[in-house]
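query18.cif follows; it contains mmCIF, C-alpha atoms.
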data_upload
#
loop_
_atom_site.label_atom_id
_atom_site.label_comp_id
_atom_site.auth_asym_id
_atom_site.auth_seq_id
_atom_site.Cartn_x
_atom_site.Cartn_y
_atom_site.Cartn_z
CA MET N 1 0.00 0.00 0.00
CA LYS N 2 2.80 2.40 0.98
CA HIS N 3 4.64 1.87 -2.32
CA GLY N 4 1.42 2.34 -4.28
CA VAL N 5 0.88 5.76 -2.73
CA ILE N 6 4.49 6.77 -3.44
CA TYR N 7 4.17 5.66 -7.06
CA MET N 8 0.91 7.49 -7.56
CA VAL N 9 2.34 10.71 -6.10
CA LEU N 10 5.41 10.41 -8.35
CA ALA N 11 3.27 9.70 -11.40
CA ALA N 12 0.99 12.65 -10.61
CA ALA N 13 4.01 14.94 -10.18
CA VAL N 14 5.41 13.89 -13.53
CA ILE N 15 2.08 14.42 -15.24
CA LEU N 16 1.49 17.82 -13.64
CA THR N 17 4.94 19.04 -14.66
CA GLY N 18 4.29 17.87 -18.21
CA SER N 19 7.48 15.82 -18.33
CA LEU N 20 6.06 12.48 -19.42
CA PRO N 21 8.42 11.01 -22.02
CA PHE N 22 5.47 9.72 -24.02
CA SER N 23 1.88 10.62 -24.76
CA ASN N 24 -1.49 8.90 -25.01
CA HIS N 25 -1.00 6.56 -22.03
CA ASP N 26 -3.62 5.93 -19.41
CA VAL N 27 -2.16 6.95 -16.03
CA GLY N 28 -3.92 4.00 -14.46
CA LYS N 29 -1.85 1.66 -16.63
CA LEU N 30 1.52 3.13 -15.63
CA GLN N 31 3.83 0.62 -14.00
CA PRO N 32 6.26 2.90 -12.10
CA VAL N 33 9.58 1.37 -11.08
CA GLU N 34 11.48 2.41 -7.96
CA THR N 35 14.23 -0.25 -7.96
CA LEU N 36 15.69 -1.78 -11.11
CA ALA N 37 18.19 -4.64 -11.02
CA VAL N 38 20.45 -5.48 -13.96
CA ALA N 39 22.36 -8.72 -14.47
CA VAL N 40 23.83 -10.74 -17.33
CA GLU N 41 23.09 -14.47 -17.24
CA GLU N 42 24.81 -16.66 -19.83
CA GLY N 43 25.10 -13.73 -22.26
CA THR N 44 21.50 -12.56 -21.73
CA VAL N 45 20.76 -9.15 -20.20
CA VAL N 46 18.16 -9.52 -17.45
CA LEU N 47 16.20 -6.58 -16.00
CA GLU N 48 14.05 -7.02 -12.89
CA THR N 49 11.86 -4.46 -11.13
CA ASP N 50 10.62 -4.13 -7.58
CA ALA N 51 7.11 -4.79 -8.93
CA GLY N 52 8.24 -8.28 -9.99
CA ASP N 53 8.43 -7.57 -13.72
CA ARG N 54 11.26 -9.11 -15.71
CA GLY N 55 12.73 -8.57 -19.15
CA ALA N 56 15.50 -10.46 -20.93
CA GLY N 57 17.32 -10.05 -24.21
CA SER N 58 20.66 -10.21 -25.95
CA THR N 59 21.23 -6.45 -25.46
CA TRP N 60 20.05 -3.72 -23.08
CA GLU N 61 17.57 -2.53 -25.72
CA ALA N 62 16.20 -6.05 -26.32
CA ALA N 63 15.82 -6.66 -22.58
CA MET N 64 14.05 -3.31 -22.16
CA GLU N 65 11.68 -4.10 -25.06
CA ASN N 66 10.92 -7.49 -23.48
CA LEU N 67 10.33 -5.88 -20.07
CA LYS N 68 7.89 -3.36 -21.56
CA ALA N 69 6.14 -5.99 -23.69
CA THR N 70 5.59 -8.44 -20.82
CA ALA N 71 4.72 -6.03 -17.98
CA PRO N 72 1.04 -5.75 -17.00
CA GLY N 73 1.16 -1.98 -17.56
CA SER N 74 3.28 0.72 -19.18
CA VAL N 75 6.70 0.46 -17.53
CA PHE N 76 7.77 3.94 -16.43
CA LEU N 77 11.49 4.34 -15.65
CA GLY N 78 11.28 8.05 -14.83
CA THR N 79 10.54 7.04 -11.24
CA VAL N 80 13.58 4.77 -10.80
CA SER N 81 15.31 5.75 -7.56
CA PHE N 82 17.79 2.87 -7.31
CA LEU N 83 19.61 0.91 -9.98
CA LEU N 84 21.43 -2.21 -8.76
CA LEU N 85 24.09 -3.67 -11.02
CA ASP N 86 25.23 -7.25 -10.56
CA ASP N 87 28.97 -7.68 -11.14
CA SER N 88 28.07 -9.57 -14.32
CA ALA N 89 26.45 -6.39 -15.69
CA LEU N 90 29.33 -3.95 -15.17
CA GLU N 91 30.06 -4.08 -18.90
CA LEU N 92 26.62 -2.49 -19.44
CA LEU N 93 27.39 0.61 -17.38
CA PRO N 94 28.48 2.71 -20.41
CA VAL N 95 25.19 1.82 -22.14
CA ILE N 96 23.12 2.59 -19.03
CA LEU N 97 24.82 5.98 -18.68
CA THR N 98 23.53 6.96 -22.14
CA ARG N 99 19.89 6.02 -21.46
CA GLN N 100 17.62 9.05 -21.20
CA GLU N 101 14.49 7.19 -20.05
CA ILE N 102 15.99 6.46 -16.61
CA ASN N 103 15.70 9.09 -13.89
CA PRO N 104 19.11 10.91 -13.85
CA ALA N 105 18.88 11.28 -10.06
CA CYS N 106 18.60 7.52 -9.50
CA SER N 107 21.27 6.12 -7.21
CA LEU N 108 23.61 3.47 -8.58
CA CYS N 109 25.25 0.66 -6.65
CA LEU N 110 26.49 -2.85 -7.08
CA GLY N 111 24.23 -5.57 -5.73
CA ARG N 112 24.06 -9.29 -6.24
CA ARG N 113 21.40 -10.89 -8.40
CA GLY N 114 18.38 -12.29 -6.58
CA MET N 115 18.01 -9.65 -3.87
CA ASP N 116 14.54 -8.76 -2.62
CA LEU N 117 14.20 -5.50 -4.56
CA GLU N 118 11.43 -4.08 -2.37
CA ALA N 119 13.48 -4.63 0.79
CA ALA N 120 16.64 -3.32 -0.89
CA GLY N 121 14.76 -0.20 -2.02
CA ALA N 122 13.46 0.38 1.52
CA TYR N 123 17.00 0.12 2.89
CA LEU N 124 18.42 2.41 0.21
CA ARG N 125 15.79 5.07 0.89
CA ALA N 126 17.27 5.37 4.39
CA HIS N 127 20.94 4.91 3.35
CA GLU N 128 21.15 6.53 -0.06
CA PRO N 129 24.25 5.73 -2.14
CA GLU N 130 26.52 8.67 -2.93
CA LYS N 131 26.63 7.94 -6.67
CA ASN N 132 23.72 8.69 -8.96
CA LEU N 133 23.34 8.48 -12.71
CA ARG N 134 24.02 12.20 -13.22
CA LEU N 135 27.26 12.07 -11.15
CA MET N 136 28.47 8.94 -12.92
CA ARG N 137 27.93 10.63 -16.29
CA ALA N 138 29.93 13.67 -15.18
CA GLU N 139 32.63 12.19 -12.95
CA GLY N 140 32.71 8.40 -13.29
CA GLY N 141 34.33 6.57 -10.41
CA ALA N 142 33.68 3.48 -8.34
CA LEU N 143 30.22 2.39 -7.25
CA PRO N 144 29.18 1.54 -3.69
CA ARG N 145 28.15 -2.06 -3.01
CA LEU N 146 24.93 -3.19 -1.35
CA LEU N 147 25.52 -6.34 0.70
CA GLU N 148 22.73 -8.57 1.99
CA GLU N 149 22.88 -11.34 4.55
CA ASP N 150 19.88 -12.97 6.20
CA GLY N 151 17.56 -10.16 5.09
CA ARG N 152 19.81 -7.44 6.51
CA TYR N 153 21.53 -4.90 4.27
CA LEU N 154 24.73 -2.90 4.42
CA LEU N 155 25.85 -0.24 1.94
CA VAL N 156 29.64 -0.18 1.57
CA GLN N 157 31.09 2.95 -0.02
CA PRO N 158 34.17 2.58 -2.30
CA GLY N 159 37.43 2.53 -0.36
CA ASN N 160 35.83 1.28 2.88
#

Would you kindly transcribe this structure into structure tokens?
Amino acid sequence: MKHGVIYMVLAAAVILTGSLPFSNHDVGKLQPVETLAVAVEEGTVVLETDAGDRGAGSTWEAAMENLKATAPGSVFLGTVSFLLLDDSALELLPVILTRQEINPACSLCLGRRGMDLEAAGAYLRAHEPEKNLRLMRAEGGALPRLLEEDGRYLLVQPGN
């Protein structure tokens, strides 16, 4: 319920500011994403959202197309607050940095595949990573790592 309210407020804010990246979509069909996980499994790019949606393909673009085609609504990445990259997906970072559909203020960190994305997002809201998409585009650098053990999380900044 709490996430639904947050998503609706974010969607309403985007609509009211007129910054929707597309037109002619029913707001009720928007599938906002707060946490997006990226991994590469046996050469296939895999995208997973905190809403449980999943997309896979041979490239970032193919995986994104699959995610949008198989989601129960219109996937909206303008609300992404946290992007978790599995170590297997580090090679995709240059591609991700060029994507305009992802919220430039979204925080980036390394995180292993298979994490509970809702729980990880809740933790990251309280312990926000220092790197976001905008900073990575401008400065580059190392990403913090989100560790998880027995349902508990720890964000480790680079150099610690």

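Close contacts of stretch 130-133 of chain N, defined as residues with an atom at most 6 Å away when counting all atoms listed in the file, with chain neighbours fewer than 3 positions off set aside, comprise Pro104, Ala105, Cys106, Ser107, Leu108 and Met136 of chain N.
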
Output file for the residues above (C-alpha atoms, as an mmCIF file, in the frame of the given file):
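Contents of again07.cif, freshly written:
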data_model
loop_
_atom_site.group_PDB
_atom_site.id
_atom_site.type_symbol
_atom_site.label_atom_id
_atom_site.label_comp_id
_atom_site.auth_asym_id
_atom_site.auth_seq_id
_atom_site.Cartn_x
_atom_site.Cartn_y
_atom_site.Cartn_z
ATOM 1 C CA PRO N 104 19.110 10.910 -13.850
ATOM 2 C CA ALA N 105 18.880 11.280 -10.060
ATOM 3 C CA CYS N 106 18.600 7.520 -9.500
ATOM 4 C CA SER N 107 21.270 6.120 -7.210
ATOM 5 C CA LEU N 108 23.610 3.470 -8.580
ATOM 6 C CA MET N 136 28.470 8.940 -12.920
#

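Interatomic distance, atom CA of N:Ala120 to atom CA of N:Thr59: 25.2 Å.
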
- Task: Write out as a PyMOL selection string the residues lying within 12 Å of N:Arg152, counting all atoms listed in the file and excluding same-chain residues fewer than 6 positions away.
- Result: chain N and resi 115-116+119-120+122-124+146

- Query: With only C-alpha atoms as the basis for distance, which of N:Pro72, N:Val95, N:Glu61, N:Gly111 is at the shortest distance from N:Leu36?
  - Reply: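 Residue with the minimum atom-to-atom distance to N:Leu36: N:Gly111.
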
- the PyMOL selection byres ((chain N and resi 85-90) around 9) resolved against shown file, as JSON, numbers by chain: {"N": [36, 37, 38, 39, 40, 41, 45, 83, 84, 91, 92, 93, 94, 108, 109, 110, 111, 112, 113]}

Output C-alpha atoms of each residue in that selection to a file, as an mmCIF file, in the frame of the given file.
data_model
loop_
_atom_site.group_PDB
_atom_site.id
_atom_site.type_symbol
_atom_site.label_atom_id
_atom_site.label_comp_id
_atom_site.auth_asym_id
_atom_site.auth_seq_id
_atom_site.Cartn_x
_atom_site.Cartn_y
_atom_site.Cartn_z
ATOM 1 C CA LEU N 36 15.690 -1.780 -11.110
ATOM 2 C CA ALA N 37 18.190 -4.640 -11.020
ATOM 3 C CA VAL N 38 20.450 -5.480 -13.960
ATOM 4 C CA ALA N 39 22.360 -8.720 -14.470
ATOM 5 C CA VAL N 40 23.830 -10.740 -17.330
ATOM 6 C CA GLU N 41 23.090 -14.470 -17.240
ATOM 7 C CA VAL N 45 20.760 -9.150 -20.200
ATOM 8 C CA LEU N 83 19.610 0.910 -9.980
ATOM 9 C CA LEU N 84 21.430 -2.210 -8.760
ATOM 10 C CA GLU N 91 30.060 -4.080 -18.900
ATOM 11 C CA LEU N 92 26.620 -2.490 -19.440
ATOM 12 C CA LEU N 93 27.390 0.610 -17.380
ATOM 13 C CA PRO N 94 28.480 2.710 -20.410
ATOM 14 C CA LEU N 108 23.610 3.470 -8.580
ATOM 15 C CA CYS N 109 25.250 0.660 -6.650
ATOM 16 C CA LEU N 110 26.490 -2.850 -7.080
ATOM 17 C CA GLY N 111 24.230 -5.570 -5.730
ATOM 18 C CA ARG N 112 24.060 -9.290 -6.240
ATOM 19 C CA ARG N 113 21.400 -10.890 -8.400
#

- Point out the residue among N:Asn103, N:Gln157, N:Thr44, N:Thr49 with the least atom-to-atom distance to N:Leu77, counting only C-alpha atoms. N:Asn103

- Query: Where does the PyMOL selection byres ((chain N and resi 33) around 7) land in this file, that is, which residues does it pick, as a list in words?
  - Reply: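 This file, filtered by the PyMOL selection byres ((chain N and resi 33) around 7), leaves Gln31, Pro32, Glu34, Thr35, Leu36, Thr49, Asp50, Ala51, Phe76, Leu77, Thr79 and Val80 of chain N.
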
Would you write out those residues with C-alpha atoms, as a compact mmCIF listing (two decimals), in the frame of the given file?
# COMPACT_ATOMS: atom_id res chain seq x y z
CA GLN N 31 3.83 0.62 -14.00
CA PRO N 32 6.26 2.90 -12.10
CA GLU N 34 11.48 2.41 -7.96
CA THR N 35 14.23 -0.25 -7.96
CA LEU N 36 15.69 -1.78 -11.11
CA THR N 49 11.86 -4.46 -11.13
CA ASP N 50 10.62 -4.13 -7.58
CA ALA N 51 7.11 -4.79 -8.93
CA PHE N 76 7.77 3.94 -16.43
CA LEU N 77 11.49 4.34 -15.65
CA THR N 79 10.54 7.04 -11.24
CA VAL N 80 13.58 4.77 -10.80

- Å distance separating atom CA of N:Trp60 from atom CA of N:Leu147, one decimal place: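 Computing the Euclidean distance for atom CA of N:Trp60 and atom CA of N:Leu147 yields 24.5 Å.
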
- Item | Coordinates-based distance that separates atom CA of N:Leu155 from atom CA of N:Pro129 (Å, one decimal) | 7.4 Å

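Here the question is which of N:Arg54, N:Val156, N:Pro144, N:Arg137 gets nearest to N:Ile96 using all atoms listed in the file, and that residue is N:Arg137.
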
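Among the candidates N:Gly151, N:Gly55, N:Gly114, N:Ser81, the one nearest to N:Ala69 when counting only C-alpha atoms is N:Gly55.
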
- Find, counting all atoms listed in the file, the residue in N:Glu148, N:Ala56, N:Leu30, N:Thr98 that gets nearest to N:Gly73.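 Of the candidates, the smallest distance to N:Gly73 is held by N:Leu30.
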
- Item | Which residue of N:Gly57, N:Gly159, N:Gly43, N:Gly121 approaches N:Phe82 most closely, using all atoms listed in the file |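 When distances to N:Phe82 are compared using all atoms listed in the file, the smallest one comes from N:Gly121.
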
Write out as JSON an axis-aligned box for stretch 102-119 of chain N: all of its atoms listed in the file, 4 Å added on each side, centre and edge lengths in Å with one decimal.
{"center_x": 19.0, "center_y": -0.5, "center_z": -7.9, "size_x": 23.1, "size_y": 31.6, "size_z": 25.4}
